[in-house]
file my_file-v3.txt (compact mmCIF, C-alpha atoms)
# COMPACT_ATOMS: atom_id res chain seq x y z
CA MET A 1 54.15 -24.14 206.70
CA THR A 2 52.68 -22.31 209.69
CA PHE A 3 54.82 -19.58 211.18
CA GLY A 4 56.26 -20.61 214.56
CA ARG A 5 59.03 -22.56 216.24
CA SER A 6 59.98 -25.48 214.02
CA GLY A 7 59.38 -28.93 215.45
CA ALA A 8 56.79 -27.79 217.98
CA ALA A 9 53.88 -30.21 218.12
CA SER A 10 51.56 -27.86 220.01
CA VAL A 11 50.88 -24.18 220.50
CA VAL A 12 49.87 -22.28 223.63
CA LEU A 13 47.06 -19.70 223.72
CA ASN A 14 47.42 -17.17 226.51
CA VAL A 15 44.05 -15.45 226.93
CA GLY A 16 44.00 -12.88 229.71
CA GLY A 17 46.60 -14.86 231.66
CA ALA A 18 44.92 -18.24 231.25
CA ARG A 19 46.99 -20.68 229.18
CA TYR A 20 45.51 -23.32 226.84
CA SER A 21 47.56 -25.88 224.94
CA LEU A 22 46.38 -26.99 221.48
CA SER A 23 47.78 -29.47 219.00
CA ARG A 24 49.14 -27.80 215.87
CA GLU A 25 47.09 -30.19 213.68
CA LEU A 26 43.89 -28.89 215.28
CA LEU A 27 44.55 -25.27 214.37
CA LYS A 28 43.44 -25.50 210.75
CA ASP A 29 39.93 -26.82 211.50
CA PHE A 30 39.47 -25.27 214.93
CA PRO A 31 35.84 -24.06 215.39
CA LEU A 32 36.91 -20.56 216.43
CA ARG A 33 37.81 -18.64 213.29
CA ARG A 34 40.37 -16.34 214.92
CA VAL A 35 42.30 -19.32 216.30
CA SER A 36 42.17 -21.21 213.01
CA ARG A 37 43.62 -18.16 211.23
CA LEU A 38 46.89 -18.80 213.08
CA HIS A 39 47.40 -21.85 210.86
CA GLY A 40 47.66 -19.67 207.74
CA CYS A 41 50.11 -17.13 209.17
CA ARG A 42 53.41 -17.06 207.28
CA SER A 43 55.20 -14.21 209.01
CA GLU A 44 55.31 -12.43 212.34
CA SER A 45 53.30 -9.53 210.94
CA ASP A 46 50.52 -11.95 210.00
CA VAL A 47 50.55 -13.37 213.53
CA LEU A 48 50.32 -9.93 215.13
CA GLU A 49 47.26 -9.16 213.03
CA VAL A 50 45.51 -12.12 214.69
CA CYS A 51 46.79 -11.89 218.26
CA ASP A 52 48.26 -9.15 220.47
CA ASP A 53 51.71 -10.65 221.08
CA TYR A 54 53.76 -13.73 220.30
CA ASP A 55 56.63 -15.58 221.99
CA ARG A 56 58.44 -17.65 219.38
CA GLU A 57 60.66 -19.48 221.84
CA ARG A 58 57.73 -20.87 223.81
CA ASN A 59 55.42 -20.91 220.78
CA GLU A 60 52.86 -18.95 222.79
CA TYR A 61 50.22 -16.57 221.41
CA PHE A 62 48.90 -13.79 223.67
CA PHE A 63 45.34 -12.43 223.47
CA ASP A 64 44.39 -9.49 225.64
CA ARG A 65 40.80 -10.68 226.08
CA HIS A 66 38.47 -11.79 228.88
CA SER A 67 39.74 -15.17 230.13
CA GLU A 68 36.47 -16.33 231.74
CA ALA A 69 34.45 -15.57 228.61
CA PHE A 70 36.95 -17.48 226.48
CA GLY A 71 36.66 -20.43 228.86
CA PHE A 72 32.88 -20.54 228.32
CA ILE A 73 33.33 -20.24 224.55
CA LEU A 74 36.01 -22.94 224.45
CA LEU A 75 33.82 -25.39 226.38
CA TYR A 76 30.99 -24.73 223.93
CA VAL A 77 33.01 -25.29 220.74
CA ARG A 78 34.46 -28.49 222.20
CA GLY A 79 30.95 -29.81 222.70
CA HIS A 80 30.86 -29.71 226.49
CA GLY A 81 27.61 -27.83 226.94
CA LYS A 82 25.51 -24.96 225.64
CA LEU A 83 26.70 -21.39 225.27
CA ARG A 84 25.37 -19.04 227.94
CA PHE A 85 26.54 -15.72 229.34
CA ALA A 86 29.36 -15.76 231.86
CA PRO A 87 28.22 -14.86 235.38
CA ARG A 88 28.77 -11.27 236.55
CA MET A 89 29.60 -10.16 233.02
CA CYS A 90 27.76 -7.63 230.86
CA GLU A 91 25.79 -9.21 228.01
CA LEU A 92 27.23 -6.77 225.47
CA SER A 93 30.78 -7.43 226.63
CA PHE A 94 30.31 -11.17 226.33
CA TYR A 95 28.76 -10.75 222.87
CA ASN A 96 31.74 -8.59 221.88
CA GLU A 97 34.02 -11.47 222.92
CA MET A 98 31.94 -13.87 220.82
CA ILE A 99 32.31 -11.67 217.75
CA TYR A 100 36.05 -11.36 218.36
CA TRP A 101 36.53 -15.14 218.41
CA GLY A 102 34.21 -15.72 215.42
CA LEU A 103 30.82 -16.70 216.89
CA GLU A 104 27.40 -15.15 216.33
CA GLY A 105 24.40 -14.45 218.51
CA ALA A 106 22.61 -17.50 217.08
CA HIS A 107 25.05 -19.73 218.99
CA LEU A 108 23.60 -18.52 222.29
CA GLU A 109 20.81 -20.30 224.12
CA TYR A 110 17.36 -18.86 223.50
CA CYS A 111 17.10 -17.31 226.97
CA CYS A 112 20.45 -15.56 226.50
CA GLN A 113 19.43 -14.40 223.02
CA ARG A 114 16.41 -12.66 224.53
CA ARG A 115 18.59 -11.02 227.19
CA LEU A 116 20.99 -9.85 224.49
CA ASP A 117 18.20 -8.47 222.30
CA ASP A 118 16.65 -6.63 225.24
CA ARG A 119 20.02 -5.20 226.21
CA MET A 120 20.81 -4.08 222.67
CA SER A 121 17.37 -2.52 222.29
CA ASP A 122 17.72 -0.63 225.58
CA THR A 123 21.12 0.78 224.69
CA TYR A 124 20.47 1.18 220.93
CA THR A 125 23.55 -0.93 220.23
CA PHE A 126 24.11 -2.97 217.08
CA TYR A 127 27.01 -5.29 216.37
CA THR A 128 27.67 -6.65 212.92
CA ALA A 129 27.99 -10.41 212.76
CA GLU A 130 31.39 -10.13 211.13
CA GLU A 131 34.18 -7.64 211.25
CA PRO A 132 34.31 -6.60 207.59
CA GLY A 133 37.90 -5.44 207.55
CA ALA A 134 39.32 -8.40 209.44
CA LEU A 135 37.20 -10.89 207.51
CA GLY A 136 38.26 -9.37 204.23
CA ARG A 137 41.93 -9.57 205.16
CA ASP A 138 41.52 -13.16 206.31
CA GLU A 139 39.80 -14.21 203.11
CA ALA A 140 42.28 -12.29 200.98
CA ARG A 141 45.19 -14.11 202.64
CA SER A 142 43.61 -17.55 202.40
CA GLY A 143 42.28 -17.47 198.86
CA GLY A 144 43.08 -14.17 197.25
CA ALA A 145 41.08 -10.99 196.79
CA GLU A 146 39.02 -12.45 193.97
CA ALA A 147 38.01 -15.47 196.03
CA ALA A 148 37.17 -13.22 198.96
CA ARG A 149 34.86 -11.08 196.84
CA SER A 150 33.24 -14.23 195.44
CA ARG A 151 32.58 -15.62 198.92
CA ARG A 152 31.13 -12.32 200.10
CA TRP A 153 28.89 -12.17 197.05
CA LEU A 154 27.66 -15.73 197.64
CA GLU A 155 26.94 -14.94 201.29
CA ARG A 156 25.00 -11.83 200.32
CA MET A 157 23.01 -13.82 197.76
CA ARG A 158 22.31 -16.55 200.30
CA ARG A 159 21.01 -14.05 202.85
CA THR A 160 18.92 -12.36 200.16
CA PHE A 161 17.12 -15.59 199.24
CA GLU A 162 17.00 -17.22 202.68
CA GLU A 163 16.31 -14.27 205.01
CA PRO A 164 13.54 -11.97 203.72
CA THR A 165 14.28 -9.25 206.32
CA SER A 166 18.05 -9.18 205.84
CA SER A 167 18.11 -6.45 203.18
CA LEU A 168 15.93 -4.30 200.97
CA ALA A 169 16.57 -6.56 197.97
CA ALA A 170 15.52 -9.58 200.05
CA GLN A 171 12.24 -7.88 200.96
CA ILE A 172 11.53 -7.07 197.31
CA LEU A 173 12.34 -10.64 196.28
CA ALA A 174 10.10 -12.03 199.03
CA SER A 175 7.24 -9.75 197.95
CA VAL A 176 7.53 -10.92 194.33
CA SER A 177 7.55 -14.55 195.48
CA VAL A 178 4.42 -13.97 197.59
CA VAL A 179 2.66 -12.42 194.57
CA PHE A 180 3.47 -15.47 192.45
CA VAL A 181 2.17 -17.80 195.18
CA ILE A 182 -1.10 -15.85 195.46
CA VAL A 183 -1.58 -15.75 191.68
CA SER A 184 -0.94 -19.49 191.37
CA MET A 185 -3.44 -20.23 194.15
CA VAL A 186 -6.09 -18.04 192.53
CA VAL A 187 -5.60 -19.84 189.21
CA LEU A 188 -5.77 -23.22 190.96
CA CYS A 189 -9.05 -22.34 192.69
CA ALA A 190 -10.56 -20.82 189.55
CA SER A 191 -9.68 -23.88 187.47
CA THR A 192 -12.06 -25.99 189.59
CA LEU A 193 -15.09 -23.83 188.77
CA PRO A 194 -17.62 -25.50 186.41
CA ASP A 195 -17.69 -22.54 184.02
CA TRP A 196 -13.89 -22.47 183.89
CA ARG A 197 -13.71 -26.20 183.12
CA ALA A 198 -16.39 -25.86 180.43
CA ALA A 199 -14.49 -23.02 178.77
CA ALA A 200 -11.26 -25.03 178.95
CA ALA A 201 -12.99 -28.04 177.37
CA ASP A 202 -14.26 -25.85 174.51
CA ASN A 203 -10.78 -24.47 173.93
CA ARG A 204 -9.32 -27.97 173.83
CA SER A 205 -11.92 -29.06 171.31
CA LEU A 206 -10.95 -26.16 169.07
CA ASP A 207 -7.26 -26.51 169.67
CA ASP A 208 -6.25 -30.17 169.87
CA ARG A 209 -3.43 -29.49 172.28
CA SER A 210 -3.10 -30.00 176.00
CA ARG A 211 -2.30 -27.19 178.35
CA TYR A 212 0.62 -29.37 179.50
CA SER A 213 2.03 -29.97 176.05
CA ALA A 214 5.68 -29.52 175.31
CA GLY A 215 5.05 -26.13 173.75
CA PRO A 216 3.43 -23.19 175.47
CA GLY A 217 -0.33 -23.67 175.96
CA ARG A 218 -2.78 -21.22 174.48
CA GLU A 219 -5.00 -21.18 177.57
CA PRO A 220 -4.32 -18.19 179.82
CA SER A 221 -4.30 -20.41 182.92
CA GLY A 222 -1.65 -22.64 181.35
CA ILE A 223 0.54 -19.64 180.51
CA ILE A 224 0.18 -18.20 184.04
CA GLU A 225 0.95 -21.57 185.58
CA ALA A 226 4.05 -22.00 183.42
CA ILE A 227 5.32 -18.55 184.43
CA CYS A 228 4.76 -19.28 188.14
CA ILE A 229 6.48 -22.64 187.87
CA GLY A 230 9.40 -21.02 186.06
CA TRP A 231 9.81 -18.47 188.84
CA PHE A 232 9.64 -21.11 191.60
CA THR A 233 12.09 -23.34 189.76
CA ALA A 234 14.60 -20.53 189.19
CA GLU A 235 14.31 -19.45 192.82
CA CYS A 236 14.88 -22.99 194.08
CA ILE A 237 17.90 -23.52 191.79
CA VAL A 238 19.55 -20.24 192.82
CA ARG A 239 19.02 -20.97 196.51
CA PHE A 240 20.58 -24.41 196.02
CA ILE A 241 23.60 -22.96 194.22
CA VAL A 242 24.36 -20.30 196.84
CA SER A 243 23.70 -22.56 199.86
CA LYS A 244 26.66 -23.38 202.09
CA ASN A 245 25.83 -27.05 202.67
CA LYS A 246 24.07 -28.76 199.79
CA CYS A 247 23.11 -31.85 201.81
CA GLU A 248 21.67 -29.73 204.60
CA PHE A 249 19.77 -27.70 202.03
CA VAL A 250 18.05 -30.80 200.63
CA LYS A 251 17.05 -31.98 204.13
CA ARG A 252 15.28 -28.77 205.16
CA PRO A 253 11.48 -29.14 205.37
CA LEU A 254 10.70 -25.94 203.44
CA ASN A 255 12.99 -26.98 200.61
CA ILE A 256 11.34 -30.41 200.47
CA ILE A 257 7.96 -28.65 200.23
CA ASP A 258 9.29 -26.50 197.38
CA LEU A 259 10.36 -29.64 195.55
CA LEU A 260 6.96 -31.27 196.10
CA ALA A 261 5.26 -28.13 194.79
CA ILE A 262 7.11 -27.86 191.47
CA THR A 263 7.75 -31.53 190.67
CA PRO A 264 4.11 -32.45 189.78
CA TYR A 265 4.06 -29.89 186.98
CA TYR A 266 7.06 -31.43 185.22
CA ILE A 267 5.74 -34.94 185.82
CA SER A 268 2.44 -33.90 184.22
CA VAL A 269 4.30 -32.51 181.22
CA LEU A 270 6.31 -35.71 180.78
CA MET A 271 3.24 -37.91 181.16
CA THR A 272 1.36 -35.90 178.53
CA VAL A 273 4.31 -36.01 176.14
CA PHE A 274 4.97 -39.75 176.47
CA THR A 275 1.40 -41.05 176.86
CA GLY A 276 -0.43 -38.80 174.44
CA GLU A 277 -3.67 -36.90 174.83
CA ASN A 278 -5.90 -39.81 173.76
CA SER A 279 -4.30 -42.55 175.83
CA GLN A 280 -6.18 -44.54 178.43
CA LEU A 281 -4.22 -42.86 181.22
CA GLN A 282 -5.07 -39.45 179.87
CA ARG A 283 -8.77 -40.30 179.54
CA ALA A 284 -8.91 -41.49 183.12
CA GLY A 285 -7.11 -38.35 184.24
CA VAL A 286 -6.90 -39.46 187.86
CA THR A 287 -3.12 -39.35 188.10
CA LEU A 288 -2.86 -35.95 186.46
CA ARG A 289 -5.62 -34.51 188.63
CA VAL A 290 -3.79 -35.69 191.73
CA LEU A 291 -0.53 -34.21 190.52
CA ARG A 292 -2.15 -30.89 189.64
CA MET A 293 -3.88 -30.68 193.00
CA MET A 294 -0.49 -31.08 194.72
CA ARG A 295 0.09 -27.46 193.73
CA ILE A 296 -1.68 -26.66 196.99
CA PHE A 297 1.75 -27.10 198.58
CA TRP A 298 2.59 -23.68 197.16
CA VAL A 299 0.62 -22.15 200.04
CA ILE A 300 3.17 -23.55 202.48
CA LYS A 301 5.84 -21.55 200.65
CA LEU A 302 4.39 -18.52 202.42
CA ALA A 303 5.97 -19.87 205.61
CA ARG A 304 9.29 -18.61 204.29
CA HIS A 305 8.02 -15.04 204.47
CA PHE A 306 5.57 -14.95 207.41
CA ILE A 307 6.49 -15.38 211.07
CA GLY A 308 3.09 -16.84 211.93
CA LEU A 309 3.48 -19.89 209.68
CA GLN A 310 7.10 -20.32 210.77
CA THR A 311 5.93 -20.28 214.39
CA LEU A 312 3.36 -22.98 213.67
CA GLY A 313 5.95 -25.24 212.04
CA LEU A 314 8.51 -24.69 214.78
CA THR A 315 5.89 -25.37 217.46
CA LEU A 316 4.86 -28.65 215.85
CA LYS A 317 8.51 -29.65 215.61
CA ARG A 318 9.24 -28.94 219.26
CA CYS A 319 5.94 -30.29 220.62
CA TYR A 320 5.83 -33.62 218.82
CA ARG A 321 5.84 -35.44 222.19
CA GLU A 322 2.81 -33.46 223.35
CA MET A 323 1.11 -34.12 220.01
CA VAL A 324 1.74 -37.85 220.35
CA MET A 325 0.43 -37.71 223.91
CA LEU A 326 -2.72 -35.97 222.66
CA LEU A 327 -3.27 -38.66 220.01
CA VAL A 328 -2.77 -41.39 222.61
CA PHE A 329 -5.36 -39.78 224.89
CA ILE A 330 -7.87 -39.59 222.05
CA CYS A 331 -7.24 -43.16 220.87
CA VAL A 332 -7.62 -44.63 224.37
CA ALA A 333 -10.82 -42.70 225.03
CA MET A 334 -12.13 -43.60 221.57
CA ALA A 335 -11.57 -47.31 222.19
CA ILE A 336 -13.33 -47.23 225.56
CA PHE A 337 -16.33 -45.06 224.64
CA SER A 338 -16.90 -46.69 221.24
CA ALA A 339 -17.07 -50.16 222.79
CA LEU A 340 -19.44 -48.99 225.54
CA SER A 341 -21.69 -47.04 223.15
CA GLN A 342 -21.95 -49.98 220.76
CA LEU A 343 -22.93 -52.20 223.66
CA LEU A 344 -25.54 -49.82 225.11
CA GLU A 345 -27.08 -48.77 221.79
CA HIS A 346 -26.97 -52.03 219.83
CA GLY A 347 -25.70 -54.97 221.81
CA LEU A 348 -28.18 -55.17 224.74
CA ASP A 349 -31.53 -55.05 222.95
CA LEU A 350 -31.40 -56.26 219.36
CA GLU A 351 -35.10 -55.46 218.69
CA THR A 352 -34.86 -51.73 219.50
CA SER A 353 -31.18 -51.39 218.67
CA ASN A 354 -29.71 -48.25 217.12
CA LYS A 355 -28.53 -49.20 213.62
CA ASP A 356 -26.04 -46.34 213.57
CA PHE A 357 -24.04 -48.11 216.31
CA ALA A 358 -24.01 -51.51 214.62
CA SER A 359 -20.21 -51.85 215.02
CA ILE A 360 -17.40 -50.43 217.10
CA PRO A 361 -15.71 -48.73 214.08
CA ALA A 362 -19.02 -46.99 213.33
CA ALA A 363 -19.27 -45.89 216.96
CA CYS A 364 -15.71 -44.48 216.79
CA TRP A 365 -16.96 -41.77 214.43
CA TRP A 366 -19.58 -40.68 216.95
CA VAL A 367 -16.99 -40.70 219.75
CA ILE A 368 -14.49 -38.49 217.93
CA ILE A 369 -17.05 -35.86 216.89
CA SER A 370 -18.45 -35.86 220.44
CA MET A 371 -15.07 -35.55 222.17
CA THR A 372 -14.12 -32.64 219.93
CA THR A 373 -17.57 -31.06 220.55
CA VAL A 374 -18.29 -30.89 216.80
CA GLY A 375 -21.53 -32.86 216.83
CA TYR A 376 -22.63 -33.21 213.20
CA GLY A 377 -25.91 -34.82 214.25
CA ASP A 378 -25.70 -37.60 211.67
CA MET A 379 -25.74 -40.21 214.48
CA TYR A 380 -26.66 -39.95 218.14
CA PRO A 381 -27.66 -42.25 221.04
CA ILE A 382 -31.37 -42.88 221.67
CA THR A 383 -31.29 -44.87 224.90
CA VAL A 384 -30.99 -43.26 228.33
CA PRO A 385 -27.72 -45.08 229.22
CA GLY A 386 -26.33 -44.12 225.81
CA ARG A 387 -27.16 -40.45 226.35
CA ILE A 388 -25.55 -40.50 229.79
CA LEU A 389 -22.46 -42.06 228.21
CA GLY A 390 -22.54 -39.33 225.56
CA GLY A 391 -22.44 -36.61 228.20
CA VAL A 392 -19.51 -38.29 229.92
CA CYS A 393 -17.79 -38.63 226.54
CA VAL A 394 -18.13 -34.90 225.79
CA VAL A 395 -16.84 -33.81 229.22
CA SER A 396 -13.93 -36.28 229.03
CA GLY A 397 -13.01 -35.01 225.58
CA ILE A 398 -12.85 -31.40 226.80
CA VAL A 399 -10.61 -32.37 229.72
CA LEU A 400 -8.31 -34.64 227.70
CA LEU A 401 -7.85 -32.10 224.92
CA ALA A 402 -7.16 -29.26 227.37
CA LEU A 403 -4.33 -31.00 229.23
CA PRO A 404 -1.63 -31.10 226.48
CA ILE A 405 -2.95 -27.96 224.77
CA THR A 406 -1.50 -25.89 227.64
CA PHE A 407 2.04 -27.11 226.91
CA ILE A 408 1.58 -26.57 223.18
CA TYR A 409 0.32 -23.03 223.79
CA HIS A 410 3.34 -22.05 225.90
CA SER A 411 5.67 -23.53 223.30
CA PHE A 412 3.87 -21.55 220.59
CA VAL A 413 4.35 -18.29 222.51
CA GLN A 414 8.02 -19.07 223.10
CA CYS A 415 8.61 -19.92 219.42
CA TYR A 416 6.82 -16.75 218.35
CA HIS A 417 8.98 -14.52 220.55
CA GLU A 418 12.12 -16.33 219.40
CA LEU A 419 11.34 -15.78 215.71
CA LYS A 420 10.22 -12.23 216.41
CA PHE A 421 13.54 -11.36 218.07
CA ARG A 422 15.44 -12.98 215.21
CA SER A 423 13.45 -10.93 212.71
CA ALA A 424 14.09 -7.78 214.75
CA ARG A 425 17.83 -8.46 214.60
CA TYR A 426 17.73 -8.67 210.81
CA SER A 427 15.55 -5.55 210.70
CA ARG A 428 18.22 -3.64 212.61
CA SER A 429 20.73 -4.85 210.04
CA LEU A 430 18.43 -3.67 207.26
CA SER A 431 18.05 -0.25 208.89
CA ALA A 432 21.81 0.15 209.22
CA GLU A 433 22.29 -0.87 205.58
CA PHE A 434 19.61 1.60 204.42
CA LEU A 435 21.13 4.47 206.41
CA ASN A 436 24.60 3.71 205.10
call {"tool": "encode", "arguments": {"input": "my_file-v3.txt", "output": "structure tokens"}}
result
Amino acid sequence: MTFGRSGAASVVLNVGGARYSLSRELLKDFPLRRVSRLHGCRSESDVLEVCDDYDRERNEYFFDRHSEAFGFILLYVRGHGKLRFAPRMCELSFYNEMIYWGLEGAHLEYCCQRRLDDRMSDTYTFYTAEEPGALGRDEARSGGAEAARSRRWLERMRRTFEEPTSSLAAQILASVSVVFVIVSMVVLCASTLPDWRAAAADNRSLDDRSRYSAGPGREPSGIIEAICIGWFTAECIVRFIVSKNKCEFVKRPLNIIDLLAITPYYISVLMTVFTGENSQLQRAGVTLRVLRMMRIFWVIKLARHFIGLQTLGLTLKRCYREMVMLLVFICVAMAIFSALSQLLEHGLDLETSNKDFASIPAACWWVIISMTTVGYGDMYPITVPGRILGGVCVVSGIVLLALPITFIYHSFVQCYHELKFRSARYSRSLSAEFLN
């Protein structure tokens, strides 16, 4: 039972003179970790480790902290807005209040994160995301010292696998993963060379076994591929085990890409085992070739280690409205110009008509390569009205493509700076860990 006046249905938080009443049932799952720790207090000494003073008669807890900052934080955790700095308050002081109550810099709005990073860089200040001593005591009280060490170990493992700049071990692990991705891509590209395929066919004729047999293949490419797949599979399993939220882990785009990259290999192995090397499916080979070519998804795994690819993905996610608008512009212009070009080049004079523009779908190809200023030259208008329409089509394409590109460009720059500041924060953590 929580320490406090028996029978009291609510508790009072006195923060810098401002009083807030909370239901006792809400304490256990309250979003602010320091407040939720009050639920596990069993004695007055435990309470005084969490707050500065306590009045048992009124069931009131006193915190000698900034009242206005706590008001902003309380509104945020209750879902009444976004977390921004309090007016007329130093960014570092507000961030210190956030750490005290159990929040991190990632909870701030992006504009405030940039202000905080600039301020910390100017003053050479670094705050740890957690207070190691307090967190250790809290975990030791709630689940014992062994459970606390286990949770800290899992958190360290999670950061090592999820955040390549969080520690020296994470950077080494990321470098090894990048090497495996590069090696697998080189093997994939080399396996499509005619000489490589001829040598593989000769090896299979001598050794009547597939490179995707149940046992280890004798071909060097099969051995290298199996090693790469083993590394990717082990990495994915470990990251799943140490993740905080398993459902959220499965829904992340990069994790879905990892699954798409390693699944085709095991499907190919199962198909070879159950269908046999001489089956009709194996002779056709279309399904297996498609599955093997899906290994190209391994390239996207580099997005986990490079800010540039992360910026591209984040930009596409935030600018999907602009991308849809761009597609709508292109489709509308394509429909108009393809119909007009088909009419001018083929529909008016059937004797001297341009056979390349025999239909509107055929004219759509000319419109899209003209609007994007590619111009393959495989089809072009021959009449004077058609050439005039072609010039208008090219100019319209330049204008239509330039309009939404401006918004996408600014979003790309913003996403790049956001990820760069986040990486700089982890780099500061790595530098502090290395010095210690």
call {"tool": "closest_residue", "arguments": {"input": "my_file-v3.txt", "among": "A:Ala402, A:Arg158, A:Trp231, A:Ser268", "to": "Asn245 of chain A", "atoms": "all atoms listed in the file"}}
result
A:Arg158
call {"tool": "axis_aligned_box", "arguments": {"input": "my_file-v3.txt", "around": "segment 302-306 of chain A", "padding_each_side": "6 Å", "output": "JSON"}}
result
{"center_x": 6.8, "center_y": -17.4, "center_z": 204.9, "size_x": 16.9, "size_y": 16.9, "size_z": 17.0}
call {"tool": "closest_residue", "arguments": {"input": "my_file-v3.txt", "among": "A:Tyr380, A:Gln171, A:Tyr416, A:Asn14", "to": "Asp53 of chain A", "atoms": "all atoms listed in the file"}}
result
A:Asn14
call {"tool": "atom_distance", "arguments": {"input": "my_file-v3.txt", "atom1": "atom CA of Tyr76 of chain A", "atom2": "atom CA of His107 of chain A"}}
result
9.2 Å
call {"tool": "closest_residue", "arguments": {"input": "my_file-v3.txt", "among": "A:Lys317, A:Gly386, A:Gly377, A:Val12", "to": "Leu340 of chain A", "atoms": "all atoms listed in the file"}}
result
A:Gly386
call {"tool": "atom_distance", "arguments": {"input": "my_file-v3.txt", "atom1": "atom CA of Val11 of chain A", "atom2": "atom CA of Asn59 of chain A"}}
result
5.6 Å
call {"tool": "build_atoms", "arguments": {"input": "my_file-v3.txt", "residues": "segment 177-189 of chain A", "atoms": "N, CA, C and O atoms", "output": "short mmCIF file (atom, residue, chain, number, x, y, z; two decimals), in the frame of the given file"}}
result
data_model
loop_
_atom_site.label_atom_id
_atom_site.label_comp_id
_atom_site.auth_asym_id
_atom_site.auth_seq_id
_atom_site.Cartn_x
_atom_site.Cartn_y
_atom_site.Cartn_z
N SER A 177 7.85 -13.13 195.30
CA SER A 177 7.55 -14.55 195.48
C SER A 177 6.15 -14.74 196.06
O SER A 177 5.42 -15.65 195.65
N VAL A 178 5.77 -13.89 197.00
CA VAL A 178 4.42 -13.97 197.59
C VAL A 178 3.36 -13.69 196.52
O VAL A 178 2.32 -14.36 196.47
N VAL A 179 3.61 -12.73 195.65
CA VAL A 179 2.66 -12.42 194.57
C VAL A 179 2.48 -13.62 193.66
O VAL A 179 1.36 -13.98 193.27
N PHE A 180 3.58 -14.29 193.31
CA PHE A 180 3.47 -15.47 192.45
C PHE A 180 2.70 -16.59 193.14
O PHE A 180 1.91 -17.30 192.51
N VAL A 181 2.90 -16.77 194.45
CA VAL A 181 2.17 -17.80 195.18
C VAL A 181 0.67 -17.49 195.18
O VAL A 181 -0.17 -18.38 194.94
N ILE A 182 0.32 -16.23 195.44
CA ILE A 182 -1.10 -15.85 195.46
C ILE A 182 -1.74 -16.03 194.09
O ILE A 182 -2.86 -16.56 193.97
N VAL A 183 -1.04 -15.61 193.04
CA VAL A 183 -1.58 -15.75 191.68
C VAL A 183 -1.78 -17.22 191.34
O VAL A 183 -2.82 -17.62 190.78
N SER A 184 -0.82 -18.06 191.68
CA SER A 184 -0.94 -19.49 191.37
C SER A 184 -2.09 -20.12 192.14
O SER A 184 -2.81 -20.98 191.61
N MET A 185 -2.33 -19.70 193.38
CA MET A 185 -3.44 -20.23 194.15
C MET A 185 -4.78 -19.77 193.59
O MET A 185 -5.76 -20.53 193.56
N VAL A 186 -4.85 -18.53 193.14
CA VAL A 186 -6.09 -18.04 192.53
C VAL A 186 -6.41 -18.81 191.25
O VAL A 186 -7.57 -19.21 191.01
N VAL A 187 -5.39 -19.06 190.44
CA VAL A 187 -5.60 -19.84 189.21
C VAL A 187 -6.02 -21.26 189.54
O VAL A 187 -6.91 -21.84 188.88
N LEU A 188 -5.41 -21.86 190.57
CA LEU A 188 -5.77 -23.22 190.96
C LEU A 188 -7.23 -23.30 191.42
O LEU A 188 -7.96 -24.22 191.03
N CYS A 189 -7.66 -22.35 192.22
CA CYS A 189 -9.05 -22.34 192.69
C CYS A 189 -10.03 -22.08 191.54
O CYS A 189 -11.09 -22.71 191.46
#
